[in-house]
Structure formats: C-alpha cells, structure tokens
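One structure is given below, encoded as structure tokens.
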Protein chains: 2
Amino acid sequence: MFETAELGRTITKSDFKRTAPALRQELLELQDTLHKNKRFPVIVVFGGVDGGGKGETVSLLNAWMDPRWLITRAYDEPGDDERERPEFWKYWRDLPARGRIGMFLSAWYSRPVLDRVHGRSDEATFLKQLERIVGFERALARDGALILKFWMHLSRDAQEHRLRNLENDPLTNARVGERDWEHWRMYDKFIGAAEQLVSRTNRGLAPWTIVEGSDPNCRAITVTSLLRDALARRLDTPELNGGKNGSAQTETPSAPDSKPDGYSVAKSITVLSGLEMSRKLEKAPYKKQLVELQARLHRLHLLAKAQNVSSVLVFEGPDAAGKGGAIRRINESLDARNYQVHGIAAPTEEELARHYLWRFWRRLPRDGHIAIFDRSWYGRVLVERIEGFASEDDWRRSYAEINDFEEQLIEHGTVLVKCWIHITEDEQLARFKLREKTPYKRWKLTEEDWRNRDKWSDYEAAVNDMVQYTSTSTAPWTLVEGNDKRYARVKVVQTFCERLSAALGDPLD
Amino acid sequence: MFETAELGRTITKSDFKRTAPALRQELLELQDTLHKNKRFPVIVVFGGVDGGGKGETVSLLNAWMDPRWLITRAYDEPGDDERERPEFWKYWRDLPARGRIGMFLSAWYSRPVLDRVHGRSDEATFLKQLERIVGFERALARDGALILKFWMHLSRDAQEHRLRNLENDPLTNARVGERDWEHWRMYDKFIGAAEQLVSRTNRGLAPWTIVEGSDPNCRAITVTSLLRDALARRLDTPELNGGKNGSAQTETPSAPDSKPDGYSVAKSITVLSGLEMSRKLEKAPYKKQLVELQARLHRLHLLAKAQNVSSVLVFEGPDAAGKGGAIRRINESLDARNYQVHGIAAPTEEELARHYLWRFWRRLPRDGHIAIFDRSWYGRVLVERIEGFASEDDWRRSYAEINDFEEQLIEHGTVLVKCWIHITEDEQLARFKLREKTPYKRWKLTEEDWRNRDKWSDYEAAVNDMVQYTSTSTAPWTLVEGNDKRYARVKVVQTFCERLSAALGDPLD
C-alpha cells in the first residue's frame with residue numbers, strides 16, 4: 001500500500017515556481033465560487049506519519065487561500081467541555097458550513113491509531129472505531145460534503161532523516177520531542193495500523209490519497225492539485241451527486257500543448273518507475289536455479305495438498321510480458337489433477353448477468369488445490385477502467401470489494417500470490433515485432449494489442465493506484481521485472497515457494 | 001424494535017381471498033417484465049425466529065410465481081465442497097442472474113446469529129461478521145440488485161403457541177424438534193442478537209422489514225405486497241438507481257375509490273393502535289403520585305449531577321398532545337442551572353448550512369447536565385418525511401444516522417429517554433377547539449395544525465416505522481397514552497426516574 005509513496009518523487013524549486021502561481025490562482029477562484037454558491041462544504045482530513053508534512057501543507061493552504069472561508073482545526077488533549085461529551089461532539093461542532101472549507105489535523109483518525117499502536121485498544125475496538133468513522137463520513141458525504149483525505153507517508157528511514165533535520169535546524173528544533181522519537185521507534189506498528197485504517201476507511205464517498213511526504217515541493221503540489229481537481233469537478237456538476245463525484249483522484253485534462261506542470265511530472269512517477277528493469281539472469285544460473293526452485297515447489301505443493309491448503313495465483317501485466325511462460329514454469333512442478341489455469345477473457349453472457357466478482361468466486365479452488373488466474377478480477381481496475389467499460393464509480397468502489405474478497409480467501413487459509421509482470425514499452429515493441437515474424441506466435445498478436453500501446457501511461461497510473469489500494473501486508477503485490485524472461489520466471493516461482501513455505505511452516509525450508 | 005411486530009395484526013380468510021388473486025396476478029406480471037428486460041436480479045432474504053413462517057412464505061411465493069425464474073436456497077450443514085472454500089463461496093455461487101429472483105433462507109445471517117446466541121462467538125466477532133454482510137450486500141446492491149430482507153418475528157408466547165400447534169398437528173409434527181425448543185428457551189438471547197443484527201445491517205440499499213409472523217394470512221399478504229411494491233417501483237425506473245429505489249416500504253398509491261385490500265387493513269394497525277388510550281388518573285391520586293415522583297426525581301437528579309451523568313430527553317407527539325405540560329412537570333424537580341429546554345422549530349440559516357444532526361450535536365449537555373428536546377432529530381422521519389422536506393433517500397438513511405448518534409450518547413454514559421406522547425384524533429380536535437376559545441392559548445393554534453390533521457394516518461405510519469427502526473434495547477421509545485394529561489405526566493416523570501435510577505444504581509430505589 002505505502003510503496004506507492006516511497007518512490008522518491010521530487011519537484012525542483014524551478015518546477016515548483018513555475019507551477020505554483022497558476023495553481024494558487026485556480027484554488028482562489030474555485031474557493032470563491034464555492035463560497036458564493038454555498039452548495040456544499042469541503043472537509044479535508046490530514047493523517048499520516050509524524051514529519052510527513054501535515055502541518056506544513058495546512059499552513060501552505062492557509063497562505064494560498066482566502067482565510068475567511070477556511071477553518072483549520074487540530075485537536076490536542078480534550079478540554080473539559082470536550083471530555084464531558086461524546087468524542088465526536090467536537091468534530092460536529094467544528095464542521096464547516098456549506099460554501100466553506102474545513103481542514104482537520106489530528107482529528108477523528110488520531111485517537112484510534114494511537115490507542116492501537118500503544119496497545120491501549122485491541123483490534124476489535126480499533127475496527128469498531130473505524131466503522132464509526134465510516135458512518136460519520138458517510139453521513140456527511142451523503143449530505144453533500146466533499147471529503148478529501150490525505151495520508152502523508154514517509155518511509156522509516158525518511159522519517160528518521162526528517163526528524164534529524166528538524167532537530168538540527170534551530171527554527172524547527174522545538175517541534176521535535178521525545179514523543180516523536182518514541183513514535184518513530186514504533187514505526188512498523190504504526191504502519192500496520194495505518195494500513196488497516198486506510199483500507200477500511202477508503203470509501204468512494206471519502207477516499208484516501210496516499211501522499212509521498214519526503215519532498216516539500218512535491219507534497220505541496222500534489223495536495224493542492226488534488227484539491228483543485230476535486231473542487232473543479234464538483235463545482236462543474238449542476239446537481240450534487242456524491243457517489244459519482246465524491247472522489248479526488250481524477251484530474252481535469254490539461255491542454256495538450258501546455259508544458260507539463262510540476263504535478264504531472266510527479267505523477268508520472270509510479271511504482272513501476274522504481275523497478276530495475278535491467279535485471280537479468282544468464283542461461284546457466286537460470287537453469288540451475290529454476291530446477292532447484294521447481295523441485296522445492298513440487299515438494300511444497302505436496303505438503304500443501306496434505307495440509308489441505310489451497311492457493312490462488314494472480315498474474316497481471318502488459319501484453320507479451322511473459323505471463324503464460326511464467327505460469328508454465330509453475331505448472332511443471334504441479335500434479336495436473338491439482339491445479340487449474342483460468343485464462344480470463346471477456347465475460348460470458350452468464351457471467352455478465354451477475355456481479356463482476358461472481359466468475360472469480362465460482363473458480364475458487366477447494367482445499368489443497370491451486371487456481372491460477374491469467375488475468376483476473378483486477379481487470380476491473382485496469383482494462384475496464386481504461387477502456388471505460390466500467391464507470392468511474394464502478395471501478396473506484398471495486399478496490400474495497402476486491403479487498404473484501406481477498407480478505408475472505410486469506411481468512412479461509414488460502415495462499416494468495418499476486419504478480420504484476422512488467423516490461424518496458426521498448427521491450428514490448430521488440431516482442432510484438434518478433435511475434436509478427438514468427439508464424440506460430442502470430443496468432444497471439446492482435447490489432448488491439450497495438451492500440452493498447454497508446455495507453456501505456458494510463459496503464460501505469462492504473463497499476464500505481466491498484467498497488468496503492470490493494471497491496472496489503474496479507475495480500476501484497478509482487479512486482480516482477482520482466483524484460484528478461486529468465487529473471488522473471490525465477491522470481492515468480494521463487495515468490496510462490498516463499499509464500500507457500502511461510503504458510504505451511506515448512507520444516508525443510 | 002420488535003414491538004411493531006407484536007400488534008396482533010390479522011387478515012381474515014375472506015379478506016385474504018379477496019386480496020390474493022389480484023396480488024398474485026400482479027406479481028406474475030412483474031416477474032415477467034423483470035425476466036424480459038433482465039435489468040437487475042432480485043434477492044429476497046428471510047430471517048427471524050423459528051416458527052415465524054419463513055418456510056411457508058417461501059413456499060407460497062414459489063406457488064404464486066413462475067418457478068422457472070425463481071430459485072430458492074436454504075443452507076444446512078455445509079458439504080465438503082462448501083467447507084473447503086470461504087463461507088461466502090456458496091452464496092456467490094447461488095446468486096440469481098439479472099432478471100431472476102433468488103430467495104434465501106438460513107443463509108448469510110444464520111451462522112452469525114446462532115454462533116452468537118450459543119456463545120460460540122464474542123460480540124466483536126459478531127459485529128465483524130455483520131460488517132462483512134453489509135459489504136456483501138452493498139456490493140450486490142450497487143451492482144444493481146434489488147435486495148429485500150424480511151425478519152419474521154413472533155413474541156415469546158406466540159412462538160411457544162406456534163411450536164405447540166405444529167407439534168399437535170400430525171402433518172407438521174415432524175417439523176418441530178428438540179432444537180426448536182432449545183431455541184425457544186434462548187428466546188431473549190436470540191432477540192438481543194436479532195436487534196443488533198437488524199440495526200447494524202438495515203441499510204438503505206438492503207433494508208429489513210420486520211414482519212409479524214403470527215397470522216399466516218397477514219404475513220403472506222405483507223411479504224407479497226412489499227415484494228410487489230418494490231418490484232413495481234424499480235421496474236418503473238428507467239435508470240437503475242439503488243440509492244433511491246432499493247428499499248421496500250413505500251407502496252404504490254392505490255386508487256382512492258377501491259375497497260382497501262388486506263394489506264392496507266393490516267398496515268393501518270400500528271404500534272399506536274395497541275395503546276389503551278382510555279387510561280386515566282383521578283385528581284387526588286395524581287397529585288399524590290406526582291409529588292412523590294417529583295421528590296424522587298429531584299433526589300435522582302442531584303445524584304446524577306454528583307456522578308457527572310448527563311441526560312437527554314426527547315419529546316415527540318401530535319400537536320396539543322401535552323409535551324410542554326409534561327416537560328414542565330419534570331423541570332419543577334430540577335435545578336434551573338442544570339437543565340436546558342430546546343424547543344425545536346424550523347432550522348436557522350446557520351443550521352441549514354450543515355448536516356441536519358449538527359444542531360442537535362451542538363446542544364448536547366455536559367456531564368451532570370440535562371437537555372430536554374421539545375421535538376427533536378426525529379423531525380427528519382416525521383414532519384420532514386411527511387411534508388416532503390426531506391427526500392425519501394434522505395429520511396430513510398437517517399434511521400441509521402440517528403441510531404449512530406444515540407449510540408454515541410449511550411456509550412458516553414448519557415441517560416437517553418425518548419417519549420412519544422400520543423392522543424387520539426378526537427382528543428386533539430377537542431383540545432384545538434378549547435384553544436380557540438381560550439384567549440391565552442389561542443396563539444398556540446395555527447392553520448398548519450389544522451392541516452396536519454389530514455395527515456393523521458401518515459403520521460401513524462411514520463411513528464410505526466420510527467419505532468421499528470430506532471427503538472432499541474439501549475435507546476427504547478416510551479409510548480405514553482396522552483388523552484388524560486394527568487396519566488401522561490405521571491408516566492413521563494416516572495419513566496425518567498426509572499431510567500435515571502437504573503443508570504445511577506440508586507441505593508435508595
């Protein structure tokens with residue numbers, strides 16, 4: 001989930017200066033329209049790790065916008081008037097009126113996370129608190145509020161670095177206390193709770209955006225651009241319609257001839273940009289490693305069968321990424337009676353007549369069996385999103401539906417492995433050309449494959465969102481560098497071995 | 001909550017015979033349209049107490065409708081194929097296609113309730129299971145499914161009576177086993193879990209209707225009429241729009257000159273019909289009881305102040321029901337610095353600019369204080385519903401928002417008392433006439449009060465729904481027979497005393 005906010009995105013000072021004035025002007029104009037037509041309130045919630053830039057971003061927004069129609073609230077230890085009423089009394093008290101913007105720091109998400117991390121609440125209590133928040137935000141959103149939530153993330157190292165920098169600067173030194181370092185030492189616990197928090201409260205009407213907090217320019221431009229886009233979209237809508245317009249991530253298209261602003265530059269960096277696509281494996285070590293891994297997989301799969309543990313493998317990736325080849329390397333180790341490969345193409349009439357997840361539910365393996373999906377339910381947030389087969393409302397809410405679905409697999413004890421096998425645009429072109437020339441491979445290449453190449457950056461953005469919303473500690477995505485088929489195949493088989501071994505408590509591993 | 005299904009509603013054999021043929025024909029026609037245009041699937045879920053008529057109702061629907069487009073599923077102990085996959089696999093497998101109707105018995109609600117009642121799961125697990133169901137139904141409803149859920153209720157005595165009858169009839173004797181009697185002995189536990197279940201899973205897109213299960217004709221006509229109404233409403237809608245049309249309780253208006261069918265007859269019986277409106281108190285015992293109760297209330301309120309326990313009192317009822325008079329009898333016992341009466345009229349501009357609950361949140365009392373609401377947040381589901389100030393979607397979802405709100409009060413330790421003071425239509429007329437004649441009371445009577453009298457039966461239906469959805473074991477409604485003011489005042493003061501005493505663990509009571 002948070003890997004999408006550890007990509008080292010930066011915006012240079014000059015890019016920032018080039019981008020900021022227009023953005024600021026747009027925000028002011030949108031705020032003015034909002035204030036004048038008073039159709040809905042805007043609620044902006046900031047959460048995230050200490051040092052992720054929550055306070056700075058709120059300060060910036062206060063400096064950029066008209067402070068008369070903007071309130072900022074942060075909650076410290078409750079005063080008597082607050083303590084003597086239900087916790088949410090103070091949040092209700094401070095809700096902005098229609099036409100105004102309210103920014104909330106250390107608000108309703110704060111206590112649940114801190115109580116959980118410090119062991120003052122158990123998981124059930126934590127989940128109940130999150131459900132209460134979902135109900136609260138749903139009530140506001142369905143009443144018309146535009147809700148944006150920003151989770152400011154830093155990696156463990158980046159947080160340490162940031163705290164040291166703040167300490168070393170006399171201007172900011174006072175802002176770092178023992179409490180911050182104590183939190184830093186609990187980083188892993190905090191991130192675990194944060195992942196649950198984001199996935200449970202990331203609803204269509206009140207979505208989270210995870211923001212990379214390490215570069216001040218980048219996070220400022222990201223948050224302000226998203227706020228601008230969300231405001232612009234909602235204000236253009238003649239009727240309030242929370243379901244379709246309540247989310248924040250689709251931007252208004254920029255004029256094709258304009259020089260990309262800082263935001264576009266930052267956005268073009270995705271989880272895929274971070275992959276070292278030059279990774280490769282020579283033939284000899286490949287053969288040796290593959291044979292060893294396949295033997296290990298064979299043994300593990302018999303063990304899984306004996307222990308009645310089922311597996312579900314998901315393969316996604318661009319056309320010609322080598323999904324089929326990787327799947328075959330797995331199948332070679334398995335008993336054919338024990339696995340089934342499901343190539344997922346367009347749904348049948350029977351499938352179209354039901355919820356899109358139905359066709360995947362019905363293909364779930366029995367205990368001890370393996371189901372391999374060559375493309376999968378993620379089509380909803382990839383091809384269906386990009387081709388417009390699913391409405392934005394449909395594909396946005398499917399992240400939560402997918403997480404629910406996978407959670408049930410994992411609760412049942414199923415081993416779930418999700419691989420995105422990636423190749424670069426150039427590598428795809430080379431493979432397409434090879435397919436054209438090779439008679440027995442030509443059938444694999446269609447007009448559509450060529451057309452899809454035009455949407456390369458759309459796919460990258462969709463993959464980034466997919467990883468952001470559906471890669472969790474229990475159902476993580478594995479990104480596989482696929483330009484070298486040998487490297488990719490070994491990584492895939494190895495990943496499956498490791499996940500199986502961990503699930504089975506394999507005595508030999 | 002379940003008091004709305006213990007009213008002794010019956011439909012005579014002749015009324016049933018008069019109503020059934022047309023209803024059956026309508027259902028068949030609607031089913032045919034549904035099947036032909038294949039726009040959405042229909043999912044009908046039955047839950048409730050044993051003997052409440054779930055099976056019989058499903059049989060009737062199977063007999064009345066076209067079985068080719070209807071599936072019925074009931075789930076016993078899971079088979080191997082089911083046990084070896086996540087629990088919801090079998091529900092997904094059996095989902096009806098668009099254009100078809102699926103009826104589900106002992107399905108996804110069954111295990112959570114039974115596990116909870118038998119102590120095999122704790123409350124946190126139970127709530128988590130309910131959340132999973134909410135997610136499941138939301139996914140289906142947002143994909144277009146029309147979901148209706150019927151909770152077939154019997155009082156403890158009615159259930160015993162029914163089980164005995166089944167046992168005594170040789171045709172049905174085999175259907176009653178030790179398990180049924182074991183469940184009957186756990187009736188109170190079961191009802192406690194059922195109340196949680198219904199209030200947590202009663203969502204706009206998948207609402208529960210609580211059906212009185214004791215009279216076979218009545219429950220058959222009720223369920224089939226609601227199914228007809230829901231189908232008719234949804235099939236008339238050119239665009240699928242779950243949020244506005246997913247709920248089942250608004251009926252299509254019947255022609256004004258038609259003789260009321262059995263359903264209308266049954267529906268006209270509400271929780272208010274059951275009140276013994278002739279209850280009264282003579283002057284002498286009234287004075288004596290009131291003085292004693294007021295003294296007790298005075299003592300309890302000082303104790304509450306000392307223990308920092310706050311109270312919230314809600315008064316609703318028809319115009320001239322005597323809310324103000326009852327409130328004054330309470331105030332006489334209280335320290336004026338300690339309570340505040342909030343007369344709720346039309347919202348101010350400041351209040352209109354925010355969620356409708358905002359103005360009630362901000363009036364919550366501090367610990368040790370008392371807030372008395374003369375009309376309240378229930379206006380949303382009473383006057384706003386009936387006058388059309390709130391859309392159906394708005395007022396329907398407010399039941400859940402109100403329950404959330406009150407749950408937070410109760411969690412905080414606030415004593416919440418909700419009184420509906422009722423008078424009959426005749427009594428109201430007499431009081432209006434008296435007001436006209438009495439100069440110092442004339443200001444109380446407006447044209448609107450007279451107009452409201454035309455909507456008497458609408459108000460009764462709205463009160464019935466309000467009690468059904470918002471009267472819970474922790475925040476129950478007290479229905480006060482108000483034709484005699486003395487009786488009503490004593491009952492109100494006594495109710496507050498008893499709730500305070502229970503909350504404070506009063507040593508003197």
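Note on naming: chains are A, B, ... as they come in the structure tokens, residues start from 1 per chain, ligands start from 1 in the order shown.
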
Among region 260-413 of chain B, which residues carry a DSSP assignment of strand (DSSP E or B), reported as a list of chain:residue names?
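The strand (DSSP E or B) subset of region 260-413 of chain B is B:Ser311, B:Val312, B:Leu313, B:Val314, B:Phe315, B:Glu316, B:Tyr339, B:Gln340, B:Val341, B:His342, B:Gly343, B:Ile370, B:Ala371, B:Ile372, B:Phe373, B:Asp374.
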
Any idea what's packed within 8 Å of Asn308 (chain B), counting only C-alpha atoms, ignoring anything in its chain fewer than 5 positions away? Could you give it as a ChimeraX atom specification?
/B:367-369

Could you write those residues out with N, CA and C atoms, as a PDB file, in the first residue's frame?
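The resulting result.pdb:
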ATOM      1  N   ASP B 367     -21.488  16.757  31.078  1.00  0.00           N
ATOM      2  CA  ASP B 367     -21.712  15.765  32.130  1.00  0.00           C
ATOM      3  C   ASP B 367     -22.433  16.407  33.305  1.00  0.00           C
ATOM      4  N   GLY B 368     -23.405  15.686  33.850  1.00  0.00           N
ATOM      5  CA  GLY B 368     -24.154  16.181  35.002  1.00  0.00           C
ATOM      6  C   GLY B 368     -25.310  17.089  34.623  1.00  0.00           C
ATOM      7  N   HIS B 369     -25.415  17.446  33.349  1.00  0.00           N
ATOM      8  CA  HIS B 369     -26.488  18.342  32.911  1.00  0.00           C
ATOM      9  C   HIS B 369     -27.584  17.587  32.158  1.00  0.00           C
TER      10      HIS B 369
END

Quote the spacing between CA of Thr472 (chain B) and CA of Gln129 (chain B) in Å to one decimal place.
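If I compute the distance from CA of Thr472 (chain B) to CA of Gln129 (chain B), I get 20.2 Å.
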
List every residue of region 406-484 of chain B that DSSP, applied to the backbone of this structure, assigns to helix (DSSP H, G or I), and report them as number ranges by chain.
B: 406-412, 425-437, 439-444, 447-453, 456-470

Would you put the residues from that selection into a file with C-alpha atoms, as a CSV table (one decimal), in the first residue's frame?
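Final output, part-v7.csv:
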chain,number,residue,atom,x,y,z
B,406,GLU,CA,-27.8,7.9,20.0
B,407,GLU,CA,-25.3,5.0,20.4
B,408,GLN,CA,-22.6,7.6,21.0
B,409,LEU,CA,-24.7,9.3,23.7
B,410,ILE,CA,-25.2,6.0,25.4
B,411,GLU,CA,-21.6,5.0,25.1
B,412,HIS,CA,-20.6,8.3,26.7
B,425,GLU,CA,-57.7,12.4,16.7
B,426,ASP,CA,-60.9,13.2,18.7
B,427,GLU,CA,-59.0,14.3,21.7
B,428,GLN,CA,-56.9,16.6,19.5
B,429,LEU,CA,-60.0,18.1,18.0
B,430,ALA,CA,-61.4,18.8,21.4
B,431,ARG,CA,-58.2,20.4,22.5
B,432,PHE,CA,-57.9,22.5,19.4
B,433,LYS,CA,-61.5,23.8,20.0
B,434,LEU,CA,-60.6,24.6,23.5
B,435,ARG,CA,-57.6,26.5,22.4
B,436,GLU,CA,-59.7,28.5,20.0
B,437,LYS,CA,-62.0,29.5,22.9
B,439,PRO,CA,-57.7,33.7,24.6
B,440,TYR,CA,-54.3,32.9,26.2
B,441,LYS,CA,-54.0,29.6,24.4
B,442,ARG,CA,-55.1,30.8,21.0
B,443,TRP,CA,-51.6,31.6,19.9
B,444,LYS,CA,-50.7,28.0,20.1
B,447,GLU,CA,-53.6,26.9,10.3
B,448,GLU,CA,-50.8,24.3,9.9
B,449,ASP,CA,-52.1,22.5,13.0
B,450,TRP,CA,-55.4,22.0,11.3
B,451,ARG,CA,-53.8,20.9,8.0
B,452,ASN,CA,-51.7,18.4,9.9
B,453,ARG,CA,-54.9,16.6,11.0
B,456,TRP,CA,-53.1,11.7,10.7
B,457,SER,CA,-52.6,8.2,9.2
B,458,ASP,CA,-49.4,9.2,7.5
B,459,TYR,CA,-48.1,10.2,10.9
B,460,GLU,CA,-49.2,7.0,12.4
B,461,ALA,CA,-47.3,5.0,9.7
B,462,ALA,CA,-44.2,7.2,10.2
B,463,VAL,CA,-44.3,6.7,14.0
B,464,ASN,CA,-44.6,2.9,13.5
B,465,ASP,CA,-41.5,3.0,11.2
B,466,MET,CA,-39.7,5.2,13.7
B,467,VAL,CA,-40.3,2.8,16.5
B,468,GLN,CA,-39.4,-0.1,14.3
B,469,TYR,CA,-36.0,1.3,13.3
B,470,THR,CA,-35.0,3.4,16.3

Show me, as a list in words, the residues of chain A whose atoms get within 6 Å of chain B, using only C-alpha atoms for the distance check.
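Those within range of chain B come out as Glu84, Arg85, Pro86, Arg93, Ala97, Arg98, Ala124, Ala353, Arg354, Arg362, Arg366, Asp367 and His412 of chain A.
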
Grab the residues selected above and save them as an mmCIF file, in the first residue's frame with C-alpha atoms.
data_model
loop_
_atom_site.group_PDB
_atom_site.id
_atom_site.type_symbol
_atom_site.label_atom_id
_atom_site.label_comp_id
_atom_site.auth_asym_id
_atom_site.auth_seq_id
_atom_site.Cartn_x
_atom_site.Cartn_y
_atom_site.Cartn_z
ATOM 1 C CA GLU A 84 -17.791 15.876 29.140
ATOM 2 C CA ARG A 85 -19.484 15.000 25.884
ATOM 3 C CA PRO A 86 -19.143 12.160 23.368
ATOM 4 C CA ARG A 93 -19.126 21.438 16.470
ATOM 5 C CA ALA A 97 -20.911 25.296 6.706
ATOM 6 C CA ARG A 98 -21.795 24.830 3.036
ATOM 7 C CA ALA A 124 -11.917 -5.316 17.690
ATOM 8 C CA ALA A 353 -25.698 -11.304 -15.826
ATOM 9 C CA ARG A 354 -24.125 -11.150 -12.379
ATOM 10 C CA ARG A 362 -17.046 -19.701 -8.685
ATOM 11 C CA ARG A 366 -11.077 -26.425 -2.995
ATOM 12 C CA ASP A 367 -8.757 -27.010 -0.083
ATOM 13 C CA HIS A 412 -10.018 -19.259 4.886
#

Atomic distance CA of Pro476 (chain B) - CA of Ser278 (chain B), expressed in Å with one decimal
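That distance, rounded to one decimal, is 23.1 Å.
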
Among the residues A:Gly47, A:Trp181, A:Arg116, A:Leu235, the one that comes closest to Thr33 (chain A) [using only C-alpha atoms]:
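With only C-alpha atoms as the atom set, the closest residue is A:Leu235.
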
List as JSON lines every residue of region 324-349 of chain A that is in contact with region 371-390 of chain A, defined as an atom at most 7 Å from one of its atoms (using only C-alpha atoms), together with the nearest atom pair and the distance in Å rounded to one decimal, sorted by chain and then rising number.
{"residue": "A:Tyr339", "atom": "CA", "partner": "A:Ala371", "partner_atom": "CA", "distance": 5.7}
{"residue": "A:Gln340", "atom": "CA", "partner": "A:Ala371", "partner_atom": "CA", "distance": 5.1}
{"residue": "A:Val341", "atom": "CA", "partner": "A:Ile372", "partner_atom": "CA", "distance": 4.6}
{"residue": "A:His342", "atom": "CA", "partner": "A:Phe373", "partner_atom": "CA", "distance": 4.9}
{"residue": "A:Gly343", "atom": "CA", "partner": "A:Asp374", "partner_atom": "CA", "distance": 4.7}
{"residue": "A:Ile344", "atom": "CA", "partner": "A:Arg375", "partner_atom": "CA", "distance": 5.4}

Using only C-alpha atoms, please write the residues we just selected to a file, as a short mmCIF file (atom, residue, chain, number, x, y, z; two decimals), in the first residue's frame.
data_model
loop_
_atom_site.label_atom_id
_atom_site.label_comp_id
_atom_site.auth_asym_id
_atom_site.auth_seq_id
_atom_site.Cartn_x
_atom_site.Cartn_y
_atom_site.Cartn_z
CA TYR A 339 -4.40 -27.16 -10.35
CA GLN A 340 -6.44 -25.30 -12.88
CA VAL A 341 -5.37 -22.36 -15.05
CA HIS A 342 -8.11 -19.84 -15.75
CA GLY A 343 -7.41 -17.60 -18.72
CA ILE A 344 -9.67 -14.61 -18.18
#
